[in-house]
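**Q** The following file, structure32.cif, comprises mmCIF, C-alpha atoms and all ligand atoms:
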data_work
#
loop_
_atom_site.label_atom_id
_atom_site.label_comp_id
_atom_site.auth_asym_id
_atom_site.auth_seq_id
_atom_site.Cartn_x
_atom_site.Cartn_y
_atom_site.Cartn_z
CA MET E 1 -105.64 118.02 168.54
CA ARG E 2 -105.15 119.25 165.00
CA ALA E 3 -101.81 119.60 163.22
CA ILE E 4 -100.44 120.28 159.78
CA VAL E 5 -99.62 116.93 158.20
CA ILE E 6 -97.25 116.56 155.23
CA THR E 7 -99.47 114.13 153.31
CA LYS E 8 -96.73 113.36 150.72
CA PRO E 9 -93.59 115.10 149.43
CA GLY E 10 -94.50 118.03 147.20
CA GLY E 11 -95.65 121.64 146.93
CA PRO E 12 -97.49 123.68 149.57
CA GLU E 13 -100.77 121.90 148.68
CA VAL E 14 -99.57 118.70 150.41
CA LEU E 15 -99.91 120.45 153.80
CA GLU E 16 -103.24 119.50 155.41
CA TRP E 17 -104.79 120.51 158.75
CA GLN E 18 -105.89 117.17 160.24
CA GLU E 19 -107.01 115.54 163.49
CA VAL E 20 -104.02 113.72 165.03
CA PRO E 21 -103.33 112.12 168.45
CA ASP E 22 -102.51 114.50 171.30
CA PRO E 23 -98.87 114.54 172.44
CA ARG E 24 -98.10 113.10 175.88
CA PRO E 25 -95.16 114.46 177.87
CA GLU E 26 -92.27 111.98 178.12
CA ARG E 27 -89.80 112.14 180.99
CA GLY E 28 -88.22 115.61 181.02
CA GLU E 29 -90.81 117.13 178.67
CA VAL E 30 -93.51 119.76 178.95
CA VAL E 31 -96.56 120.12 176.71
CA ILE E 32 -97.23 123.56 175.24
CA ASP E 33 -100.66 124.70 174.02
CA VAL E 34 -99.45 126.51 170.93
CA THR E 35 -100.33 130.18 170.40
CA ALA E 36 -98.21 130.56 167.27
CA SER E 37 -95.43 128.94 165.28
CA ALA E 38 -93.30 130.23 162.40
CA VAL E 39 -92.11 129.02 159.03
CA ASN E 40 -88.46 128.22 158.41
CA ARG E 41 -86.66 127.23 155.22
CA ALA E 42 -86.05 123.79 156.78
CA ASP E 43 -89.84 123.19 156.84
CA VAL E 44 -89.95 123.66 153.07
CA ILE E 45 -87.11 121.17 152.61
CA GLN E 46 -88.97 118.72 154.90
CA ARG E 47 -92.18 119.26 152.88
CA LEU E 48 -90.28 118.47 149.68
CA GLY E 49 -89.12 115.16 151.21
CA PHE E 50 -85.43 116.03 151.58
CA TYR E 51 -85.19 116.57 155.35
CA ASP E 52 -86.56 113.81 157.59
CA PRO E 53 -87.14 114.75 161.23
CA PRO E 54 -84.40 113.40 163.54
CA PRO E 55 -85.21 110.10 165.34
CA GLY E 56 -87.89 110.58 168.02
CA ALA E 57 -88.98 114.00 166.74
CA SER E 58 -92.57 114.86 165.82
CA PRO E 59 -93.44 114.07 162.17
CA TYR E 60 -95.26 117.40 161.84
CA PRO E 61 -93.28 120.45 160.66
CA GLY E 62 -92.41 123.42 162.85
CA LEU E 63 -89.12 124.18 164.59
CA GLU E 64 -90.39 126.82 167.01
CA CYS E 65 -93.49 127.94 168.83
CA SER E 66 -94.91 130.11 171.56
CA GLY E 67 -97.74 129.27 173.91
CA VAL E 68 -98.78 128.29 177.41
CA ILE E 69 -97.62 125.19 179.28
CA SER E 70 -100.51 122.79 179.87
CA GLU E 71 -98.71 119.69 181.21
CA VAL E 72 -95.41 119.07 182.95
CA GLY E 73 -93.89 115.58 182.65
CA PRO E 74 -91.76 113.84 185.28
CA ASP E 75 -88.32 115.44 185.81
CA ALA E 76 -89.17 118.50 183.70
CA VAL E 77 -87.48 121.29 185.61
CA GLY E 78 -88.17 124.99 185.98
CA PHE E 79 -91.64 125.30 184.41
CA ALA E 80 -95.22 125.07 185.66
CA VAL E 81 -98.68 124.78 184.10
CA GLY E 82 -99.79 128.23 182.93
CA ASP E 83 -96.28 129.57 182.15
CA ARG E 84 -96.08 131.71 179.00
CA VAL E 85 -93.15 130.39 176.99
CA CYS E 86 -91.56 129.93 173.61
CA ALA E 87 -89.51 126.93 172.52
CA LEU E 88 -86.95 125.58 170.12
CA LEU E 89 -88.45 122.38 168.66
CA SER E 90 -87.15 119.41 166.69
CA GLY E 91 -90.54 119.41 164.91
CA GLY E 92 -94.25 119.61 165.64
CA GLY E 93 -94.73 123.37 165.95
CA TYR E 94 -97.49 123.48 163.30
CA ALA E 95 -100.00 122.03 165.74
CA GLU E 96 -102.36 122.91 168.56
CA ARG E 97 -100.12 121.21 171.12
CA VAL E 98 -96.52 120.06 171.20
CA ALA E 99 -94.31 118.15 173.66
CA VAL E 100 -90.76 119.44 174.09
CA PRO E 101 -87.79 118.76 176.41
CA TRP E 102 -87.74 121.40 179.16
CA GLU E 103 -84.17 122.38 178.22
CA GLN E 104 -85.46 123.82 174.94
CA VAL E 105 -88.06 126.09 176.52
CA LEU E 106 -87.60 129.80 177.26
CA PRO E 107 -89.83 132.14 179.22
CA ALA E 108 -91.69 134.40 176.76
CA PRO E 109 -89.61 137.58 176.54
CA GLU E 110 -90.96 140.81 177.96
CA GLY E 111 -92.03 143.52 175.55
CA LEU E 112 -93.43 141.24 172.83
CA SER E 113 -96.81 139.63 172.30
CA LEU E 114 -96.91 135.85 172.74
CA THR E 115 -97.63 135.57 169.00
CA GLU E 116 -94.54 137.60 168.05
CA ALA E 117 -92.41 135.51 170.42
CA ALA E 118 -92.98 132.49 168.13
CA GLY E 119 -90.73 134.10 165.55
CA LEU E 120 -87.63 134.14 167.73
CA PRO E 121 -86.40 130.75 169.02
CA GLU E 122 -85.09 129.15 165.82
CA THR E 123 -83.31 132.19 164.40
CA VAL E 124 -82.02 133.51 167.71
CA CYS E 125 -80.65 130.09 168.75
CA THR E 126 -79.09 129.60 165.31
CA VAL E 127 -77.41 133.00 165.37
CA TRP E 128 -76.26 132.71 168.99
CA SER E 129 -74.84 129.21 168.60
CA ASN E 130 -73.05 129.86 165.31
CA VAL E 131 -71.97 133.49 165.34
CA PHE E 132 -71.21 133.82 169.04
CA MET E 133 -70.55 130.32 170.47
CA THR E 134 -68.80 128.74 167.46
CA ALA E 135 -67.26 131.71 165.61
CA ARG E 136 -66.82 133.90 168.73
CA LEU E 137 -67.63 137.20 167.03
CA ARG E 138 -66.10 140.05 169.04
CA ARG E 139 -66.96 143.74 169.44
CA GLY E 140 -65.50 145.76 166.57
CA GLU E 141 -65.16 142.76 164.24
CA THR E 142 -66.94 142.56 160.88
CA LEU E 143 -69.68 139.98 160.32
CA LEU E 144 -70.77 139.12 156.78
CA VAL E 145 -74.29 137.65 156.67
CA HIS E 146 -75.50 136.06 153.45
CA GLY E 147 -79.24 136.47 152.87
CA GLY E 148 -79.53 139.50 155.16
CA ALA E 149 -83.30 139.77 154.65
CA SER E 150 -84.01 136.14 155.63
CA GLY E 151 -85.39 135.10 158.99
CA ILE E 152 -81.84 134.23 160.04
CA GLY E 153 -80.33 137.35 158.45
CA THR E 154 -82.68 139.90 160.02
CA THR E 155 -81.95 138.36 163.43
CA ALA E 156 -78.18 138.22 162.89
CA ILE E 157 -78.06 141.90 161.92
CA GLN E 158 -79.82 143.01 165.09
CA ILE E 159 -77.89 140.81 167.54
CA ALA E 160 -74.48 141.52 166.02
CA LYS E 161 -75.11 145.27 166.00
CA ALA E 162 -76.26 145.12 169.62
CA PHE E 163 -72.92 143.46 170.48
CA GLY E 164 -70.94 146.20 168.72
CA SER E 165 -69.92 144.55 165.46
CA ARG E 166 -69.89 145.91 161.93
CA VAL E 167 -72.42 144.03 159.81
CA VAL E 168 -72.35 143.58 156.03
CA VAL E 169 -75.11 141.62 154.29
CA THR E 170 -75.80 140.21 150.85
CA VAL E 171 -79.29 140.55 149.35
CA GLY E 172 -81.01 140.00 146.02
CA SER E 173 -82.81 143.35 145.61
CA GLN E 174 -82.61 147.05 146.37
CA GLU E 175 -85.75 146.83 148.51
CA LYS E 176 -84.23 144.11 150.69
CA ALA E 177 -80.99 146.13 150.91
CA GLU E 178 -82.96 149.06 152.31
CA ARG E 179 -84.75 146.90 154.86
CA CYS E 180 -81.43 145.50 156.10
CA LEU E 181 -79.91 148.99 156.40
CA GLU E 182 -83.00 150.10 158.38
CA LEU E 183 -82.40 147.17 160.74
CA GLY E 184 -78.88 148.42 161.38
CA ALA E 185 -76.68 146.73 158.76
CA ASP E 186 -73.71 148.95 157.86
CA GLU E 187 -73.56 147.83 154.25
CA ALA E 188 -75.74 145.77 151.89
CA ILE E 189 -74.32 144.17 148.76
CA ASN E 190 -76.67 143.12 145.94
CA TYR E 191 -75.30 139.71 144.97
CA ARG E 192 -77.03 139.92 141.59
CA THR E 193 -74.91 142.88 140.48
CA GLU E 194 -71.76 142.68 142.61
CA ASP E 195 -69.22 140.11 143.79
CA PHE E 196 -69.25 140.26 147.60
CA ALA E 197 -65.73 138.83 147.74
CA GLU E 198 -64.42 141.97 146.00
CA ARG E 199 -66.26 144.28 148.39
CA VAL E 200 -65.81 142.98 151.94
CA GLU E 201 -63.21 141.56 154.31
CA ALA E 202 -64.89 139.78 157.21
CA ASP E 203 -63.78 138.28 160.52
CA VAL E 204 -66.85 136.03 160.63
CA ILE E 205 -69.14 134.89 157.80
CA LEU E 206 -72.56 133.32 158.42
CA ASP E 207 -73.20 131.41 155.21
CA ILE E 208 -76.39 129.84 153.87
CA MET E 209 -75.21 129.13 150.31
CA GLY E 210 -72.67 126.34 150.85
CA ALA E 211 -70.72 125.18 147.78
CA LYS E 212 -71.58 128.12 145.52
CA TYR E 213 -70.07 130.69 147.90
CA LEU E 214 -67.20 128.63 149.33
CA PRO E 215 -64.41 130.13 147.18
CA GLY E 216 -65.74 133.68 147.63
CA ASN E 217 -66.20 133.20 151.35
CA VAL E 218 -62.64 131.99 151.90
CA LYS E 219 -61.40 134.91 149.79
CA ALA E 220 -63.45 137.37 151.88
CA LEU E 221 -62.15 136.06 155.23
CA LYS E 222 -59.57 138.15 157.07
CA THR E 223 -56.55 136.56 158.72
CA GLY E 224 -57.89 134.53 161.63
CA GLY E 225 -61.37 134.58 160.09
CA ARG E 226 -64.14 132.09 160.82
CA LEU E 227 -66.63 130.85 158.21
CA VAL E 228 -69.73 129.06 159.51
CA VAL E 229 -71.82 127.23 156.91
CA ILE E 230 -75.39 126.64 158.09
CA GLY E 231 -77.25 126.35 154.78
CA LEU E 232 -76.58 124.56 151.51
CA GLN E 233 -78.86 126.49 149.16
CA GLY E 234 -76.01 126.64 146.61
CA GLY E 235 -74.98 122.99 146.76
CA VAL E 236 -73.14 120.58 149.04
CA LYS E 237 -69.79 119.94 147.32
CA GLY E 238 -67.37 122.75 146.58
CA GLU E 239 -63.66 123.37 146.19
CA LEU E 240 -61.80 124.62 149.25
CA ASP E 241 -58.54 126.52 148.63
CA LEU E 242 -56.50 125.08 151.50
CA HIS E 243 -53.51 127.23 150.61
CA MET E 244 -55.56 130.37 151.14
CA LEU E 245 -57.10 128.89 154.29
CA THR E 246 -53.73 128.06 155.87
CA ARG E 247 -52.19 131.39 154.84
CA LYS E 248 -55.07 133.16 156.57
CA ARG E 249 -55.04 130.81 159.56
CA ALA E 250 -58.78 130.66 158.99
CA ALA E 251 -61.42 128.12 160.05
CA VAL E 252 -64.41 126.61 158.26
CA HIS E 253 -67.24 125.21 160.40
CA GLY E 254 -70.45 123.46 159.37
CA THR E 255 -73.34 122.99 161.78
CA THR E 256 -77.00 122.10 162.14
CA LEU E 257 -79.09 122.84 165.20
CA ARG E 258 -82.03 120.49 164.76
CA SER E 259 -80.21 117.18 165.15
CA ARG E 260 -78.35 118.14 168.34
CA PRO E 261 -79.39 116.37 171.56
CA ALA E 262 -81.68 118.24 173.97
CA ALA E 263 -78.86 118.83 176.48
CA GLU E 264 -76.74 120.54 173.81
CA LYS E 265 -79.70 122.61 172.62
CA GLY E 266 -80.22 123.49 176.27
CA VAL E 267 -76.76 125.08 176.44
CA VAL E 268 -77.67 127.24 173.44
CA VAL E 269 -81.07 128.12 174.90
CA ARG E 270 -79.50 129.16 178.23
CA GLY E 271 -76.98 131.30 176.34
CA VAL E 272 -79.88 132.97 174.55
CA ALA E 273 -81.78 133.55 177.80
CA ASP E 274 -78.72 135.16 179.41
CA ASN E 275 -77.39 137.16 176.48
CA VAL E 276 -80.15 137.83 173.95
CA TRP E 277 -83.36 137.97 176.01
CA PRO E 278 -82.24 141.20 177.74
CA LEU E 279 -81.77 142.74 174.27
CA VAL E 280 -85.28 141.63 173.27
CA SER E 281 -86.77 143.10 176.44
CA ALA E 282 -84.89 146.34 175.78
CA GLY E 283 -86.30 146.49 172.23
CA ALA E 284 -82.86 146.16 170.55
CA VAL E 285 -83.75 142.77 169.00
CA ARG E 286 -87.22 142.05 167.64
CA PRO E 287 -88.64 139.49 165.24
CA VAL E 288 -89.17 141.07 161.83
CA VAL E 289 -92.66 139.83 160.98
CA HIS E 290 -93.50 139.72 157.27
CA ALA E 291 -96.97 138.21 157.69
CA GLN E 292 -99.26 136.34 160.07
CA VAL E 293 -101.20 133.44 158.55
CA PRO E 294 -103.75 131.15 160.27
CA MET E 295 -102.01 127.87 161.07
CA ALA E 296 -104.66 125.84 159.24
CA GLU E 297 -103.59 127.75 156.09
CA ALA E 298 -99.89 126.88 156.42
CA ALA E 299 -99.86 126.14 152.68
CA LYS E 300 -100.31 129.88 152.03
CA ALA E 301 -97.37 130.66 154.29
CA HIS E 302 -95.22 128.14 152.40
CA GLU E 303 -96.24 129.74 149.10
CA MET E 304 -95.03 133.07 150.49
CA LEU E 305 -91.70 131.58 151.55
CA ASP E 306 -91.33 129.80 148.20
CA SER E 307 -91.89 133.12 146.38
CA GLY E 308 -88.82 134.53 148.13
CA GLU E 309 -90.43 137.97 148.50
CA HIS E 310 -90.59 137.91 152.29
CA VAL E 311 -88.36 139.83 154.66
CA GLY E 312 -87.95 138.19 158.08
CA LYS E 313 -90.49 135.75 159.48
CA ILE E 314 -93.90 134.41 158.48
CA LEU E 315 -95.88 133.50 161.61
CA LEU E 316 -98.53 130.78 161.84
CA VAL E 317 -101.21 131.77 164.29
CA GLY E 318 -103.22 129.07 166.00
N1 LIG K 1 -77.83 124.81 160.15
C1 LIG K 1 -78.80 125.25 160.92
O1 LIG K 1 -78.90 124.89 162.09
C2 LIG K 1 -79.80 126.22 160.36
C3 LIG K 1 -80.81 126.74 161.18
C4 LIG K 1 -81.71 127.67 160.62
C5 LIG K 1 -81.59 128.04 159.30
N2 LIG K 1 -80.61 127.48 158.52
C6 LIG K 1 -80.47 127.85 157.09
O2 LIG K 1 -80.39 129.26 157.01
C7 LIG K 1 -80.96 129.67 155.76
C8 LIG K 1 -81.97 130.77 155.99
O3 LIG K 1 -83.10 130.20 156.65
P1 LIG K 1 -84.46 131.03 156.81
O4 LIG K 1 -85.44 130.15 157.43
O5 LIG K 1 -84.12 132.34 157.41
O6 LIG K 1 -84.84 131.17 155.26
P2 LIG K 1 -85.48 132.31 154.36
O7 LIG K 1 -86.09 133.39 155.21
O8 LIG K 1 -86.32 131.65 153.34
O9 LIG K 1 -84.23 132.91 153.63
C9 LIG K 1 -83.57 132.38 152.52
C10 LIG K 1 -82.69 133.50 151.99
O10 LIG K 1 -81.77 133.02 151.02
C11 LIG K 1 -81.36 134.18 150.33
N3 LIG K 1 -80.61 133.88 149.12
C12 LIG K 1 -81.03 133.16 148.04
N4 LIG K 1 -80.03 133.14 147.12
C13 LIG K 1 -78.99 133.84 147.63
C14 LIG K 1 -77.70 134.17 147.16
N5 LIG K 1 -77.24 133.74 145.97
N6 LIG K 1 -76.88 134.93 147.96
C15 LIG K 1 -77.29 135.34 149.16
N7 LIG K 1 -78.53 135.07 149.67
C16 LIG K 1 -79.36 134.32 148.90
C17 LIG K 1 -82.66 134.90 150.04
O11 LIG K 1 -82.36 136.26 149.92
P3 LIG K 1 -82.79 137.17 148.63
O12 LIG K 1 -84.27 137.05 148.50
O13 LIG K 1 -82.31 138.51 149.03
O14 LIG K 1 -82.13 136.59 147.45
C18 LIG K 1 -83.47 134.63 151.33
O15 LIG K 1 -83.47 135.76 152.16
C19 LIG K 1 -81.53 128.43 155.08
O16 LIG K 1 -80.58 127.96 154.15
C20 LIG K 1 -81.66 127.46 156.23
O17 LIG K 1 -81.61 126.12 155.81
C21 LIG K 1 -79.74 126.58 159.03
#
How does the structure come out when it is put into structure tokens?

**A**
Amino acid sequence: MRAIVITKPGGPEVLEWQEVPDPRPERGEVVIDVTASAVNRADVIQRLGFYDPPPGASPYPGLECSGVISEVGPDAVGFAVGDRVCALLSGGGYAERVAVPWEQVLPAPEGLSLTEAAGLPETVCTVWSNVFMTARLRRGETLLVHGGASGIGTTAIQIAKAFGSRVVVTVGSQEKAERCLELGADEAINYRTEDFAERVEADVILDIMGAKYLPGNVKALKTGGRLVVIGLQGGVKGELDLHMLTRKRAAVHGTTLRSRPAAEKGVVVRGVADNVWPLVSAGAVRPVVHAQVPMAEAAKAHEMLDSGEHVGKILLVG
């Protein structure tokens, strides 16, 4: 098969479409013939050499894909050759074929093309596991989402609105603010001109900035609030005001999805199938697709992500 290989750490030009060995299904795995994959910020960090795949994962980038099952390994449950699926991957989505534990595979949702379905697994699983499983966002509560126009942000807005929450986002431009409001956000704060911590009180915060936003996030939490840090775009070490945290009886969580074992990812994936897939089929949650790029030209897709002008997802079409 062919896959995108990171030939050395560096810019988008280090991504090359090369012949590589075909994946074989291990025990508990299925092989998917990939229809499409999608670009995530983590792929850029991997390309730059700062995010090695977890042990045993494919060396090729790509944390999600859609496609058709072409092989079923021993003890892989619930799927058959020919099934149309999408999957949460630990790597290897930028390829013609990928092997993945069956627990991380979802039936392709109704109401979307198989290509569009590639843009869902990573963001939907991230939002479900963090906002709903970890932070337990409830109907009527306020969710603050940093980077509302990102792949993660556009998904979080739609799911949280569908579950009856108030959603406030931060964005870096007026155009992105408008896109988030169109998606259902109740309020969009331009972080370049305003301090979010002066504008919003949130029950749950989904944070991608890490250290830079830690003081503001704790300030913005309501009593009993839950902050979940999933990205470190603003640095890894910050100062936590424990007095404010204890006074508010608030919690700070930090999580990553990629390094979790397949069984744990499986719990997230089943939660998505039960709770989010019906919303996708009903049209309440859809991937926001910024662009579709041929997979062999993944470097172009990375240039787009690096430019920061995108809203939602950039798909790689096989
Ligand atoms: N822990 C996990 O398991 C996990 C899983 C998936 C993703 N993530 C993290 O989630 C983040 C988003 O991922 P993605 O793939 O959706 O990336 P993406 O589409 O490239 O989004 C990055 C976003 O960061 C925003 N941003 C930059 N500076 C900001 C600031 N000062 N304040 C608020 N927002 C700012 C940008 O918004 P503007 O253009 O509006 O500035 C952009 O929308 C990344 O940090 C990624 O590592 C973590």

**Q** Using only C-alpha atoms, which residue out of E:Gly283, E:Gly234, E:Pro278, E:Gly271 lies closest to Phe132 (chain E)?

**A**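 Result for the nearest residue to Phe132 (chain E): E:Gly271.
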
**Q** Name each residue within 6 Å of ligand LIG 1 (chain K), counting all atoms listed in the file, as a list in words.

**A**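 Those within range of ligand LIG 1 (chain K) are Asn40, Arg41, Ala42, Thr126, His146, Gly147, Ala149, Ser150, Gly151, Ile152, Thr170, Val171, Gly172, Ser173, Tyr191, Ile208, Ile230, Gly231, Leu232, Gln233, Thr255, Thr256, Leu257, Leu305, Gly308 and Gly312 of chain E.
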
**Q** Could you save those same residues with C-alpha atoms as a PDB file, in the frame of the given file?

**A**
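So the final result, stored in result00.pdb, reads:
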ATOM      1  CA  ASN E  40     -88.460 128.220 158.410  1.00  0.00           C
ATOM      2  CA  ARG E  41     -86.660 127.230 155.220  1.00  0.00           C
ATOM      3  CA  ALA E  42     -86.050 123.790 156.780  1.00  0.00           C
ATOM      4  CA  THR E 126     -79.090 129.600 165.310  1.00  0.00           C
ATOM      5  CA  HIS E 146     -75.500 136.060 153.450  1.00  0.00           C
ATOM      6  CA  GLY E 147     -79.240 136.470 152.870  1.00  0.00           C
ATOM      7  CA  ALA E 149     -83.300 139.770 154.650  1.00  0.00           C
ATOM      8  CA  SER E 150     -84.010 136.140 155.630  1.00  0.00           C
ATOM      9  CA  GLY E 151     -85.390 135.100 158.990  1.00  0.00           C
ATOM     10  CA  ILE E 152     -81.840 134.230 160.040  1.00  0.00           C
ATOM     11  CA  THR E 170     -75.800 140.210 150.850  1.00  0.00           C
ATOM     12  CA  VAL E 171     -79.290 140.550 149.350  1.00  0.00           C
ATOM     13  CA  GLY E 172     -81.010 140.000 146.020  1.00  0.00           C
ATOM     14  CA  SER E 173     -82.810 143.350 145.610  1.00  0.00           C
ATOM     15  CA  TYR E 191     -75.300 139.710 144.970  1.00  0.00           C
ATOM     16  CA  ILE E 208     -76.390 129.840 153.870  1.00  0.00           C
ATOM     17  CA  ILE E 230     -75.390 126.640 158.090  1.00  0.00           C
ATOM     18  CA  GLY E 231     -77.250 126.350 154.780  1.00  0.00           C
ATOM     19  CA  LEU E 232     -76.580 124.560 151.510  1.00  0.00           C
ATOM     20  CA  GLN E 233     -78.860 126.490 149.160  1.00  0.00           C
ATOM     21  CA  THR E 255     -73.340 122.990 161.780  1.00  0.00           C
ATOM     22  CA  THR E 256     -77.000 122.100 162.140  1.00  0.00           C
ATOM     23  CA  LEU E 257     -79.090 122.840 165.200  1.00  0.00           C
ATOM     24  CA  LEU E 305     -91.700 131.580 151.550  1.00  0.00           C
ATOM     25  CA  GLY E 308     -88.820 134.530 148.130  1.00  0.00           C
ATOM     26  CA  GLY E 312     -87.950 138.190 158.080  1.00  0.00           C
TER      27      GLY E 312
END

**Q** I'd like the interatomic distance between CA of Glu303 (chain E) and CA of Ile159 (chain E), to a tenth of an Å.

**A**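 Answer for the CA of Glu303 (chain E) to CA of Ile159 (chain E) separation: 28.3 Å.
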
**Q** Given all atoms listed in the file as the basis, pick out the residue of E:Pro25, E:Pro54, E:Pro121, E:Gly49 nearest to Ala273 (chain E).

**A**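 Of E:Pro25, E:Pro54, E:Pro121, E:Gly49, the one nearest Ala273 (chain E), counting all atoms listed in the file, is E:Pro121.
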
**Q** Compare E:Ala108, E:Ala118, E:Ala202, E:Met295 by their minimum atom-to-atom distance to Ala135 (chain E), counting only C-alpha atoms, and give me the closest one.

**A** E:Ala202

**Q** So which residues touch Ser259 (chain E) within 12 Å, counting all atoms listed in the file, skipping near sequence neighbours fewer than 4 positions away, as a list in words?

**A**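 Once the adjacent positions are removed, what remains is Tyr51, Asp52, Pro53, Pro54, Pro55, Gly56, Ala57, Leu63, Leu88, Leu89, Ser90, Gly91, Thr255, Ala263, Glu264 and Lys265 of chain E.
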